[in-house]
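Engineer: Shown below is the structure under consideration.
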Amino acid sequence: MDQLLVYLPGILLAYAAFLIAMMSPGPNVLAIMGTSMSFGRSQGIALALGISTGSFLWGTLAATGLSALLTSYAAMITIIKIVGGMYLLWLAYKAFRAAAAEQAVAARVFDDAGTTGPRHFLRGGLVQMTNPKAALAWVAIISLGLQPHAPAWVAGLIVVGTTALSVLIHLSYAIIFSSQPMIRLYARARRPIQLALGAFFTFAGIKMLTARI
């Protein structure tokens with residue numbers, strides 16, 4: 001217990017930094033919103049869990065020092081940046097194509113195929129793992145929470161706690177934006193919403209491809 005009290009301020013600081021980072025909606029949050037409104041709650045939840053899994057993986061990498069090692073190799077970060085930027089542009093293309101469609105996609109159009117959940121889960125993980133900003137953010141979060149010579153369980157507690165926060169917050173987005181009021185809103189404003197998502201993903205993709213890391 002005494003050890004926990006010693007390291008608790010740093011752990012709480014890491015949690016606070018993570019929450020602040022999540023308060024700035026990025027491609028992951030907008031992808032959950034769009035998926036939940038377009039395809040329904042189960043698909044939005046699958047995407048949210050994929051994003052949270054990606055967050056857990058980045059946190060684990062940062063805690064073990066591999067993420068910091070990646071930042072030392074510009075070529076590896078550049079590859080991640082290019083893949084992530086191109087994927088965001090692909091999401092933009094999908095959003096613009098949905099906006100151009102005559103009718104909204106039915107909420108459960110892929111349910112019978114039985115593959116939508118896993119595919120959205122993988123998409124969520126890909127969105128998170130191809131974001132080099134996530135790697136750098138996790139290095140900062142771990143650095144804030146870990147004191148010199150801190151035991152391994154401190155890093156583990158930071159990763160587990162932030163993962164729990166990620167799951168809770170991302171699932172909340174999926175549930176809220178798959179509710180009937182939100183679905184009705186989406187039905188009325190489908191094209192503007194998809195156009196806005198497409199514009200954001202285009203902006204984020206170009207910014208990621210051109211940014212200096």
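As shown in the structure tokens, the chain order sets the letters A, B, ...; within each chain, residues go from 1, and ligands are also counted from 1 in the order they appear.
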Would you tabulate, counting only C-alpha atoms, all residues of stretch 181-211 of chain A that have an atom at most 12 Å from an atom of stretch 117-137 of chain A, showing the closest pair of atoms and their distance in Å to one decimal, sorted by chain then ascending number, as CSV?
Structural biologist:
residue,atom,partner,partner_atom,distance
A:Phe201,CA,A:Val127,CA,11.3
A:Ala204,CA,A:Asn131,CA,10.6
A:Gly205,CA,A:Asn131,CA,10.2
A:Lys207,CA,A:Lys133,CA,11.6
A:Met208,CA,A:Asn131,CA,8.4
A:Leu209,CA,A:Pro132,CA,10.7
A:Ala211,CA,A:Lys133,CA,10.4
Engineer: Using only C-alpha atoms, which residues sit within 10 Å of A:Gly198 once same-chain residues fewer than 4 positions away are excluded, as a ChimeraX atom specification?
Structural biologist: /A:88-99,192-194,202-204
Engineer: So the first atom is atom CA of A:Leu5 and the second is atom CA of A:Gln147; what is the distance between them in Å, to one decimal place?
Structural biologist: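 Separation between atom CA of A:Leu5 and atom CA of A:Gln147: 12.9 Å.
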Engineer: Name all residues at most 9 Å from A:Ala48 (count only C-alpha atoms; drop same-chain ones fewer than 5 positions away) and give them as number ranges by chain.
Structural biologist: A: 28-29, 31-32, 43, 53, 120-121, 124-125, 166-167, 169-171, 173-174
Engineer: Would you write out those residues with N, CA and C atoms, as a PDB file, in the first residue's frame?
Structural biologist:
ATOM      1  N   ASN A  28     -10.567   8.516 -34.889  1.00  0.00           N
ATOM      2  CA  ASN A  28     -11.174   7.355 -34.225  1.00  0.00           C
ATOM      3  C   ASN A  28     -12.581   7.651 -33.718  1.00  0.00           C
ATOM      4  N   VAL A  29     -12.752   8.807 -33.067  1.00  0.00           N
ATOM      5  CA  VAL A  29     -14.071   9.158 -32.535  1.00  0.00           C
ATOM      6  C   VAL A  29     -15.065   9.388 -33.667  1.00  0.00           C
ATOM      7  N   ALA A  31     -14.965   8.143 -36.624  1.00  0.00           N
ATOM      8  CA  ALA A  31     -15.262   6.855 -37.263  1.00  0.00           C
ATOM      9  C   ALA A  31     -16.313   6.092 -36.461  1.00  0.00           C
ATOM     10  N   ILE A  32     -16.223   6.129 -35.125  1.00  0.00           N
ATOM     11  CA  ILE A  32     -17.224   5.472 -34.285  1.00  0.00           C
ATOM     12  C   ILE A  32     -18.588   6.120 -34.479  1.00  0.00           C
ATOM     13  N   GLN A  43     -21.967  -2.791 -34.777  1.00  0.00           N
ATOM     14  CA  GLN A  43     -20.805  -2.458 -35.588  1.00  0.00           C
ATOM     15  C   GLN A  43     -20.005  -1.325 -34.961  1.00  0.00           C
ATOM     16  N   THR A  53      -8.361  -1.654 -28.448  1.00  0.00           N
ATOM     17  CA  THR A  53      -7.292  -2.662 -28.526  1.00  0.00           C
ATOM     18  C   THR A  53      -6.021  -2.042 -29.084  1.00  0.00           C
ATOM     19  N   HIS A 120     -15.072  -4.473 -38.710  1.00  0.00           N
ATOM     20  CA  HIS A 120     -15.038  -3.171 -38.057  1.00  0.00           C
ATOM     21  C   HIS A 120     -14.044  -3.169 -36.893  1.00  0.00           C
ATOM     22  N   PHE A 121     -13.925  -4.290 -36.210  1.00  0.00           N
ATOM     23  CA  PHE A 121     -12.925  -4.394 -35.139  1.00  0.00           C
ATOM     24  C   PHE A 121     -11.520  -4.191 -35.705  1.00  0.00           C
ATOM     25  N   GLY A 124     -10.979  -0.581 -36.668  1.00  0.00           N
ATOM     26  CA  GLY A 124     -10.676   0.252 -35.519  1.00  0.00           C
ATOM     27  C   GLY A 124      -9.231   0.111 -35.070  1.00  0.00           C
ATOM     28  N   GLY A 125      -8.746  -1.134 -35.028  1.00  0.00           N
ATOM     29  CA  GLY A 125      -7.351  -1.342 -34.654  1.00  0.00           C
ATOM     30  C   GLY A 125      -6.408  -0.709 -35.653  1.00  0.00           C
ATOM     31  N   SER A 166     -10.388   3.939 -22.149  1.00  0.00           N
ATOM     32  CA  SER A 166     -10.602   3.938 -23.598  1.00  0.00           C
ATOM     33  C   SER A 166     -11.842   3.134 -23.965  1.00  0.00           C
ATOM     34  N   VAL A 167     -11.960   1.939 -23.382  1.00  0.00           N
ATOM     35  CA  VAL A 167     -13.126   1.092 -23.672  1.00  0.00           C
ATOM     36  C   VAL A 167     -14.404   1.798 -23.237  1.00  0.00           C
ATOM     37  N   ILE A 169     -15.101   5.024 -22.720  1.00  0.00           N
ATOM     38  CA  ILE A 169     -15.447   6.236 -23.468  1.00  0.00           C
ATOM     39  C   ILE A 169     -15.835   5.910 -24.904  1.00  0.00           C
ATOM     40  N   HIS A 170     -15.085   5.021 -25.554  1.00  0.00           N
ATOM     41  CA  HIS A 170     -15.396   4.698 -26.946  1.00  0.00           C
ATOM     42  C   HIS A 170     -16.717   3.923 -27.057  1.00  0.00           C
ATOM     43  N   LEU A 171     -16.973   3.036 -26.095  1.00  0.00           N
ATOM     44  CA  LEU A 171     -18.258   2.337 -26.107  1.00  0.00           C
ATOM     45  C   LEU A 171     -19.407   3.316 -25.875  1.00  0.00           C
ATOM     46  N   TYR A 173     -19.527   6.400 -26.876  1.00  0.00           N
ATOM     47  CA  TYR A 173     -19.771   7.036 -28.179  1.00  0.00           C
ATOM     48  C   TYR A 173     -20.603   6.117 -29.071  1.00  0.00           C
ATOM     49  N   ALA A 174     -20.233   4.836 -29.111  1.00  0.00           N
ATOM     50  CA  ALA A 174     -20.945   3.892 -29.978  1.00  0.00           C
ATOM     51  C   ALA A 174     -22.406   3.757 -29.570  1.00  0.00           C
TER      52      ALA A 174
END
Engineer: Give the answer as one residue: which of A:Leu4, A:Leu57, A:Leu12, A:Leu30 has the shortest atom-to-atom distance to A:Ala196, using only C-alpha atoms?
Structural biologist: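 Going through A:Leu4, A:Leu57, A:Leu12, A:Leu30 one by one, the smallest distance to A:Ala196 is for A:Leu30.
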Engineer: Set the distance at 10 Å and use only C-alpha atoms: which residues neighbour stretch 178-181 of chain A once local chain neighbours fewer than 5 positions away are removed? I'd like the list as a VMD selection string.
Structural biologist: chain A and resid 32 to 45 107 172 to 173 186 to 187
Engineer: Take the residues that were just selected and, keeping C-alpha atoms, output them as a PDB file, in the first residue's frame.
Structural biologist:
ATOM      1  CA  ILE A  32     -17.224   5.472 -34.285  1.00  0.00           C
ATOM      2  CA  MET A  33     -19.879   8.158 -34.678  1.00  0.00           C
ATOM      3  CA  GLY A  34     -20.289   7.558 -38.403  1.00  0.00           C
ATOM      4  CA  THR A  35     -20.275   3.764 -38.116  1.00  0.00           C
ATOM      5  CA  SER A  36     -22.773   3.698 -35.246  1.00  0.00           C
ATOM      6  CA  MET A  37     -25.215   5.979 -37.042  1.00  0.00           C
ATOM      7  CA  SER A  38     -24.798   4.261 -40.418  1.00  0.00           C
ATOM      8  CA  PHE A  39     -24.612   0.564 -39.520  1.00  0.00           C
ATOM      9  CA  GLY A  40     -25.927   0.261 -35.971  1.00  0.00           C
ATOM     10  CA  ARG A  41     -24.778  -0.303 -32.414  1.00  0.00           C
ATOM     11  CA  SER A  42     -23.053  -3.682 -32.789  1.00  0.00           C
ATOM     12  CA  GLN A  43     -20.805  -2.458 -35.588  1.00  0.00           C
ATOM     13  CA  GLY A  44     -20.020   0.747 -33.693  1.00  0.00           C
ATOM     14  CA  ILE A  45     -19.132  -1.279 -30.611  1.00  0.00           C
ATOM     15  CA  ALA A 107     -28.386  -0.256 -40.383  1.00  0.00           C
ATOM     16  CA  SER A 172     -20.229   5.322 -24.812  1.00  0.00           C
ATOM     17  CA  TYR A 173     -19.771   7.036 -28.179  1.00  0.00           C
ATOM     18  CA  TYR A 186     -28.621  10.786 -39.381  1.00  0.00           C
ATOM     19  CA  ALA A 187     -31.521   9.845 -41.675  1.00  0.00           C
TER      20      ALA A 187
END
Engineer: In Å to one decimal, how far is atom CA of A:Ala199 from atom CA of A:Ala17?
Structural biologist: 28.1 Å
Engineer: Tell me, in Å to one decimal, how far atom CA of A:Gly26 is from atom CA of A:Ala100.
Structural biologist: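 Spanning atom CA of A:Gly26 to atom CA of A:Ala100 is a straight-line distance of 23.6 Å.
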